[in-house]
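This is upload-v6.pdb. It holds PDB, C-alpha atoms.
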ATOM      1  CA  MET Q   1      10.047  11.172  17.889
ATOM      2  CA  THR Q   2       9.050  14.669  16.827
ATOM      3  CA  GLY Q   3       6.862  15.485  19.819
ATOM      4  CA  GLU Q   4       3.756  15.582  17.620
ATOM      5  CA  PRO Q   5       1.227  12.741  17.710
ATOM      6  CA  GLU Q   6       2.124   9.798  15.501
ATOM      7  CA  VAL Q   7       0.360   9.851  12.126
ATOM      8  CA  LEU Q   8      -1.553   6.583  11.665
ATOM      9  CA  ALA Q   9      -2.050   5.178   8.195
ATOM     10  CA  ALA Q  10      -2.958   1.843   6.621
ATOM     11  CA  GLY Q  11      -2.620   0.126   3.287
ATOM     12  CA  GLY Q  12      -2.372  -3.121   1.428
ATOM     13  CA  VAL Q  13      -0.143  -5.488  -0.437
ATOM     14  CA  VAL Q  14      -2.623  -6.333  -3.176
ATOM     15  CA  TRP Q  15      -1.641  -9.586  -4.847
ATOM     16  CA  ARG Q  16      -2.783 -12.050  -7.508
ATOM     17  CA  ARG Q  17      -1.664 -15.299  -9.091
ATOM     18  CA  THR Q  18      -0.927 -15.382 -12.806
ATOM     19  CA  GLY Q  19      -0.209 -18.998 -13.616
ATOM     20  CA  GLU Q  20       2.635 -20.014 -11.318
ATOM     21  CA  ALA Q  21       3.703 -16.436 -10.585
ATOM     22  CA  VAL Q  22       2.497 -14.074  -7.858
ATOM     23  CA  GLU Q  23       2.226 -10.372  -8.652
ATOM     24  CA  VAL Q  24       1.729  -7.374  -6.383
ATOM     25  CA  LEU Q  25       0.123  -4.055  -7.263
ATOM     26  CA  LEU Q  26       2.253  -0.906  -6.987
ATOM     27  CA  VAL Q  27       1.063   2.684  -7.348
ATOM     28  CA  HIS Q  28       2.852   5.689  -8.814
ATOM     29  CA  ARG Q  29       2.287   8.938  -6.909
ATOM     30  CA  PRO Q  30       3.097  11.925  -9.144
ATOM     31  CA  LYS Q  31       3.383  14.321  -6.169
ATOM     32  CA  HIS Q  32       6.354  12.300  -4.873
ATOM     33  CA  ASP Q  33       7.328  10.702  -8.214
ATOM     34  CA  ASP Q  34       7.640   7.353  -6.459
ATOM     35  CA  TRP Q  35       6.402   3.778  -6.691
ATOM     36  CA  SER Q  36       4.871   2.522  -3.469
ATOM     37  CA  LEU Q  37       2.223   0.321  -1.950
ATOM     38  CA  PRO Q  38      -1.287   1.805  -1.780
ATOM     39  CA  LYS Q  39      -1.847   3.440   1.602
ATOM     40  CA  GLY Q  40      -3.099   6.545   3.340
ATOM     41  CA  LYS Q  41      -3.947   8.276   6.583
ATOM     42  CA  LEU Q  42      -6.924   7.176   8.643
ATOM     43  CA  ASN Q  43     -10.071   9.260   8.888
ATOM     44  CA  ALA Q  44     -11.188  10.302  12.373
ATOM     45  CA  GLY Q  45     -12.581   7.275  14.228
ATOM     46  CA  GLU Q  46     -11.690   4.855  11.424
ATOM     47  CA  SER Q  47     -10.146   1.480  12.267
ATOM     48  CA  LEU Q  48      -6.861   0.413  10.685
ATOM     49  CA  PRO Q  49      -8.458  -2.403   8.616
ATOM     50  CA  ASP Q  50     -11.277  -0.146   7.387
ATOM     51  CA  GLY Q  51      -8.794   2.586   6.503
ATOM     52  CA  ALA Q  52      -6.609   0.111   4.621
ATOM     53  CA  LEU Q  53      -9.524  -1.107   2.505
ATOM     54  CA  ARG Q  54     -10.744   2.444   1.828
ATOM     55  CA  GLU Q  55      -7.322   3.783   0.889
ATOM     56  CA  VAL Q  56      -6.549   0.867  -1.428
ATOM     57  CA  GLU Q  57      -9.878   1.355  -3.198
ATOM     58  CA  GLU Q  58      -9.367   5.130  -3.467
ATOM     59  CA  GLU Q  59      -5.864   4.780  -4.894
ATOM     60  CA  THR Q  60      -6.293   1.730  -7.136
ATOM     61  CA  GLY Q  61     -10.007   1.595  -7.958
ATOM     62  CA  HIS Q  62     -10.089  -1.996  -6.670
ATOM     63  CA  ARG Q  63     -12.428  -3.155  -3.924
ATOM     64  CA  CYS Q  64     -10.435  -5.794  -2.062
ATOM     65  CA  ARG Q  65     -10.811  -8.593   0.432
ATOM     66  CA  LEU Q  66      -8.726  -8.198   3.589
ATOM     67  CA  GLY Q  67      -6.232 -10.947   4.333
ATOM     68  CA  PRO Q  68      -3.680 -11.339   7.118
ATOM     69  CA  GLU Q  69      -1.918  -8.378   8.679
ATOM     70  CA  LEU Q  70       1.636  -8.061   7.336
ATOM     71  CA  GLY Q  71       3.143  -5.648   9.825
ATOM     72  CA  SER Q  72       3.968  -1.962   9.933
ATOM     73  CA  THR Q  73       6.522   0.513   8.702
ATOM     74  CA  ARG Q  74       7.650   3.612  10.591
ATOM     75  CA  TYR Q  75       9.279   6.680   9.099
ATOM     76  CA  LEU Q  76       9.157  10.483   9.044
ATOM     77  CA  ASP Q  77       6.602  11.815   6.579
ATOM     78  CA  ASP Q  78       7.286  14.737   4.240
ATOM     79  CA  ARG Q  79       6.288  17.151   7.027
ATOM     80  CA  GLY Q  80       8.751  15.608   9.494
ATOM     81  CA  ARG Q  81       6.105  13.781  11.566
ATOM     82  CA  ASP Q  82       6.454  10.225  12.845
ATOM     83  CA  LYS Q  83       4.249   8.007  10.685
ATOM     84  CA  ARG Q  84       3.227   4.375  11.180
ATOM     85  CA  VAL Q  85       1.615   2.497   8.305
ATOM     86  CA  THR Q  86       0.050  -0.921   8.965
ATOM     87  CA  TYR Q  87      -0.449  -3.232   5.973
ATOM     88  CA  TRP Q  88      -2.628  -6.223   5.145
ATOM     89  CA  ALA Q  89      -2.480  -8.760   2.363
ATOM     90  CA  MET Q  90      -5.400  -8.127   0.000
ATOM     91  CA  THR Q  91      -6.957  -9.726  -3.040
ATOM     92  CA  VAL Q  92      -9.089  -7.924  -5.617
ATOM     93  CA  GLU Q  93     -12.817  -8.573  -5.607
ATOM     94  CA  ASP Q  94     -13.764  -6.081  -8.339
ATOM     95  CA  GLY Q  95     -13.108  -2.645  -9.782
ATOM     96  CA  SER Q  96     -10.648  -1.038 -12.149
ATOM     97  CA  PHE Q  97      -8.074   1.709 -11.993
ATOM     98  CA  ILE Q  98      -8.859   5.248 -13.081
ATOM     99  CA  PRO Q  99      -5.973   7.739 -12.854
ATOM    100  CA  ASN Q 100      -6.506  10.458 -10.239
ATOM    101  CA  ASP Q 101      -4.656  13.302  -8.508
ATOM    102  CA  GLU Q 102      -2.977  11.001  -5.992
ATOM    103  CA  VAL Q 103      -2.127   8.061  -8.265
ATOM    104  CA  ASP Q 104      -1.555   8.399 -12.001
ATOM    105  CA  GLU Q 105      -0.469   4.827 -12.749
ATOM    106  CA  VAL Q 106      -0.613   1.330 -11.256
ATOM    107  CA  ARG Q 107       1.570  -1.615 -12.167
ATOM    108  CA  TRP Q 108       1.377  -5.336 -11.424
ATOM    109  CA  VAL Q 109       4.918  -6.519 -10.645
ATOM    110  CA  ALA Q 110       6.222 -10.045 -10.027
ATOM    111  CA  LEU Q 111       6.679 -10.609  -6.292
ATOM    112  CA  ASP Q 112      10.381 -11.381  -6.820
ATOM    113  CA  GLU Q 113      10.841  -8.028  -8.596
ATOM    114  CA  ALA Q 114       8.730  -5.845  -6.287
ATOM    115  CA  ALA Q 115      11.552  -4.761  -3.973
ATOM    116  CA  GLY Q 116      13.530  -3.492  -6.954
ATOM    117  CA  ALA Q 117      10.524  -1.567  -8.275
ATOM    118  CA  LEU Q 118       9.594   0.097  -4.966
ATOM    119  CA  THR Q 119      11.147   3.500  -4.349
ATOM    120  CA  HIS Q 120      11.285   3.262  -0.537
ATOM    121  CA  GLU Q 121      13.300   0.566   1.189
ATOM    122  CA  HIS Q 122      10.932   0.539   4.187
ATOM    123  CA  ASP Q 123       8.312  -1.125   1.911
ATOM    124  CA  HIS Q 124      10.529  -4.134   1.130
ATOM    125  CA  GLY Q 125       9.908  -5.980   4.403
ATOM    126  CA  VAL Q 126       6.135  -5.612   4.088
ATOM    127  CA  VAL Q 127       6.178  -7.202   0.643
ATOM    128  CA  ALA Q 128       8.455  -9.994   1.910
ATOM    129  CA  ALA Q 129       5.980 -10.630   4.763
ATOM    130  CA  LEU Q 130       3.419 -11.716   2.154
ATOM    131  CA  ARG Q 131       5.359 -14.884   1.182
ATOM    132  CA  PRO Q 132       4.376 -17.099   4.165
ATOM    133  CA  HIS Q 133       0.693 -16.366   3.485
ATOM    134  CA  LEU Q 134       0.649 -17.515  -0.153
TER     135      LEU Q 134
END
Represent the structure from my file as structure tokens, please.
Amino acid sequence: MTGEPEVLAAGGVVWRRTGEAVEVLLVHRPKHDDWSLPKGKLNAGESLPDGALREVEEETGHRCRLGPELGSTRYLDDRGRDKRVTYWAMTVEDGSFIPNDEVDEVRWVALDEAAGALTHEHDHGVVAALRPHL
């Protein structure tokens, strides 16, 4: 613990079926040059589920339907603060991606290949938590 309040964030494991395969949506953040799950910090007074839906839409352009909670990750953010990110399974209802300052590219990746495509190991368990809900 850093002594500062924990930073709360939320995000989603956005998934779809393509034939027999399941794919998940990853985002590329140019600021960090990494591939991750869409997520972000909560606004003041915002609930975790509402923040997850908002952040996923802001980063991917997709308005999603909230599914089951998949758990949380904890790590130090780039400013050295304790950060907890809670994730939900999500499916796309509508929308399309438009590159922006935070995310310049999105990629649908086969579920079995997602761990290898994600930059941060702490995201692997969240993606694996999706399997029982498919």
Expected selection from the PyMOL selection byres ((chain Q and resi 8) around 8), given as a PyMOL selection string: chain Q and resi 6-7+9-10+41-42+83-85
Counting all atoms listed in the file, the residue of Q:Val14, Q:Leu37, Q:Ala89, Q:Leu48 that sits nearest Q:Val103: Q:Leu37
Output of the PyMOL selection byres ((chain Q and resi 129) around 12), listed as a VMD selection string: chain Q and resid 12 to 13 68 to 73 87 to 89 111 115 123 to 128 130 to 134
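This file, queried with the PyMOL selection byres ((chain Q and resi 52-60) around 7), gives the residues Q:Ala10, Q:Gly11, Q:Gly12, Q:Pro38, Q:Lys39, Q:Gly40, Q:Leu48, Q:Pro49, Q:Asp50, Q:Gly51, Q:Gly61, Q:His62, Q:Arg63, Q:Cys64, Q:Phe97, Q:Glu102, Q:Val103.
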7 Å contact set for Q:Glu23, only C-alpha atoms, chain neighbours under 2 positions out, as a PyMOL selection string: chain Q and resi 15-17+21+25+108-111
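The smallest atom-to-atom distance between Q:Glu4 and any of Q:Gly80, Q:Gly45, Q:Gly19, Q:Pro30, using only C-alpha atoms, is found for Q:Gly80.
Minimum atom-to-atom distance to Q:His28, evaluated using all atoms listed in the file, belongs to Q:Arg107 out of Q:His120, Q:Arg107, Q:Glu113, Q:Glu93.
We find atom CA of Q:Arg29 and atom CA of Q:Asp104 to be spaced 6.4 Å apart.
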Nearest-residue call for Q:Gly116, choices Q:Gly95, Q:Trp35, Q:Asn100, Q:Leu66, using all atoms listed in the file: Q:Trp35
Counting all atoms listed in the file, the residue of Q:Ser36, Q:Thr119, Q:Ser47, Q:Ser96 that sits nearest Q:Val24: Q:Ser36
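Between atom CA of Q:Asp33 and atom CA of Q:Val106 the interatomic distance comes to 12.7 Å.
Here atom CA of Q:Arg65 stands at a distance of 6.3 Å from atom CA of Q:Val92.
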